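For reference, the structure discussed in these notes is given below.
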Amino acid sequence: MRKLQIDTYSLNRQPIKDSTTLPLFMAKAMAKRIPKALASKFDENGEQLEQLVQAVVDAKETGVIYEVVAEDENERIVFSIF
């Protein structure tokens, strides 16, 4: 079964701060239900949310599908399919 893994790293150190995994079919079902109008309400992150949702819905390969660096929160978030 393919899965979506979300890993959060601190920019100061390499070890994973947090990690979560869920079945890809569940992630796709949730992603398809986020309307574009709702994504646009997320201000500057609305475009990133739309890109992430599209990457999850279109996922056909394994590996990293999306990465976000939040320097203000000192975090790097990596979305992967395996």
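Residue numbering restarts at 1 in every chain; chains get A, B, ... in the order shown in the structure tokens, and ligands count up from 1 in that same order.
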
For Thr21 in chain A, please output as number ranges by chain all residues within 8 Å (counting only C-alpha atoms; exclusion window: fewer than 6 positions along the same chain). A: 3-6

Please dump the current selection as a PDB file, in the first residue's frame; keep C-alpha atoms.
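Now in result06.pdb:
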ATOM      1  CA  LYS A   3       1.574   6.057   1.723  1.00  0.00           C
ATOM      2  CA  LEU A   4       2.021   9.793   2.158  1.00  0.00           C
ATOM      3  CA  GLN A   5       4.706  10.676   4.675  1.00  0.00           C
ATOM      4  CA  ILE A   6       5.088  14.174   6.130  1.00  0.00           C
TER       5      ILE A   6
END

For range 64-66 of chain A, list every protein, DNA or RNA residue within 9 Å, evaluated using only C-alpha atoms, and leave out those in the same chain fewer than 6 positions away; present the list as an MDAnalysis selection string. chainID A and resid 51:52 55:56 77:82

Atom pair CA of Glu73 in chain A / CA of Ser10 in chain A: separation (Å):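 CA of Glu73 in chain A sits 8.8 Å away from CA of Ser10 in chain A.
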
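Atom to atom, CA of Glu50 in chain A and CA of Ala29 in chain A stand 14.6 Å apart.
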
Would you mind writing down, as a list in words, each residue of range 7-77 of chain A that DSSP on the backbone assigns to strand (DSSP E)?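 Filtering range 7-77 of chain A down to strand (DSSP E) leaves Asp7, Thr8, Tyr9, Ser10, Ile16, Lys17, Asp18, Ser19, Thr20, Thr21, Leu22, Pro23, Gly63, Val64, Ile65, Tyr66, Glu67, Val68, Val69, Ala70, Glu75, Arg76 and Ile77 of chain A.
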
Could you take the residues named above and write them with C-alpha atoms, as a short mmCIF file (atom, residue, chain, number, x, y, z; two decimals), in the first residue's frame?
data_model
loop_
_atom_site.label_atom_id
_atom_site.label_comp_id
_atom_site.auth_asym_id
_atom_site.auth_seq_id
_atom_site.Cartn_x
_atom_site.Cartn_y
_atom_site.Cartn_z
CA ASP A 7 8.41 14.89 7.89
CA THR A 8 9.20 18.12 9.73
CA TYR A 9 12.83 19.11 10.21
CA SER A 10 14.37 21.97 12.15
CA ILE A 16 13.34 14.81 12.19
CA LYS A 17 11.28 16.88 14.64
CA ASP A 18 8.01 15.20 13.72
CA SER A 19 6.72 12.65 11.25
CA THR A 20 3.33 11.31 10.25
CA THR A 21 2.22 8.75 7.68
CA LEU A 22 -1.18 7.98 6.20
CA PRO A 23 -2.44 5.79 3.37
CA GLY A 63 9.80 10.01 -3.57
CA VAL A 64 9.54 13.64 -2.49
CA ILE A 65 6.53 15.36 -4.06
CA TYR A 66 6.61 18.71 -2.25
CA GLU A 67 8.84 20.63 0.14
CA VAL A 68 8.14 23.80 2.12
CA VAL A 69 10.69 25.91 3.99
CA ALA A 70 9.20 28.10 6.71
CA GLU A 75 11.19 24.45 9.84
CA ARG A 76 11.42 22.47 6.62
CA ILE A 77 8.46 20.21 5.81
#

Can you tell me which residues surround range 30-32 of chain A at a distance of at most 9 Å, considering only C-alpha atoms, apart from same-chain residues fewer than 4 positions away, and format the answer as a ChimeraX atom specification? /A:25-26,52-54,56-57

Could you write out the selected residues, including N, CA, C and O atoms, as a PDB file, in the first residue's frame?
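The resulting file, selection.pdb, is reproduced below:
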ATOM      1  N   PHE A  25      -4.491   6.651  -0.424  1.00  0.00           N
ATOM      2  CA  PHE A  25      -5.892   6.776  -0.837  1.00  0.00           C
ATOM      3  C   PHE A  25      -6.653   7.717   0.087  1.00  0.00           C
ATOM      4  O   PHE A  25      -7.508   8.478  -0.350  1.00  0.00           O
ATOM      5  N   MET A  26      -6.301   7.730   1.368  1.00  0.00           N
ATOM      6  CA  MET A  26      -6.955   8.618   2.326  1.00  0.00           C
ATOM      7  C   MET A  26      -6.525  10.070   2.071  1.00  0.00           C
ATOM      8  O   MET A  26      -7.353  10.990   2.103  1.00  0.00           O
ATOM      9  N   LEU A  52       0.293  21.658  -3.247  1.00  0.00           N
ATOM     10  CA  LEU A  52       0.408  20.424  -2.475  1.00  0.00           C
ATOM     11  C   LEU A  52      -0.749  19.489  -2.773  1.00  0.00           C
ATOM     12  O   LEU A  52      -0.553  18.298  -3.012  1.00  0.00           O
ATOM     13  N   VAL A  53      -1.958  20.008  -2.774  1.00  0.00           N
ATOM     14  CA  VAL A  53      -3.144  19.194  -3.066  1.00  0.00           C
ATOM     15  C   VAL A  53      -3.006  18.570  -4.445  1.00  0.00           C
ATOM     16  O   VAL A  53      -3.246  17.369  -4.626  1.00  0.00           O
ATOM     17  N   GLN A  54      -2.570  19.350  -5.433  1.00  0.00           N
ATOM     18  CA  GLN A  54      -2.417  18.824  -6.786  1.00  0.00           C
ATOM     19  C   GLN A  54      -1.332  17.753  -6.843  1.00  0.00           C
ATOM     20  O   GLN A  54      -1.477  16.742  -7.517  1.00  0.00           O
ATOM     21  N   VAL A  56      -0.462  15.708  -4.433  1.00  0.00           N
ATOM     22  CA  VAL A  56      -0.990  14.484  -3.811  1.00  0.00           C
ATOM     23  C   VAL A  56      -1.951  13.784  -4.757  1.00  0.00           C
ATOM     24  O   VAL A  56      -1.876  12.570  -4.956  1.00  0.00           O
ATOM     25  N   VAL A  57      -2.839  14.538  -5.380  1.00  0.00           N
ATOM     26  CA  VAL A  57      -3.837  13.953  -6.284  1.00  0.00           C
ATOM     27  C   VAL A  57      -3.165  13.307  -7.498  1.00  0.00           C
ATOM     28  O   VAL A  57      -3.567  12.244  -7.946  1.00  0.00           O
TER      29      VAL A  57
END

When DSSP is applied to the backbone of this structure, which of range 2-63 of chain A are assigned alpha helix (DSSP H)? Write them out as a list of chain:residue names.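 Alpha helix (DSSP H) members of range 2-63 of chain A, listed: A:Leu24, A:Phe25, A:Met26, A:Ala27, A:Lys28, A:Ala29, A:Met30, A:Ala31, A:Lys32, A:Lys36, A:Ala37, A:Leu38, A:Ala39, A:Gly46, A:Glu47, A:Gln48, A:Leu49, A:Glu50, A:Gln51, A:Leu52, A:Val53, A:Gln54, A:Ala55, A:Val56, A:Val57.
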
Among A:Ala27, A:Met1, A:Leu11, A:Ile34, Asp58 in chain A is approached most closely, using only C-alpha atoms, by A:Ala27
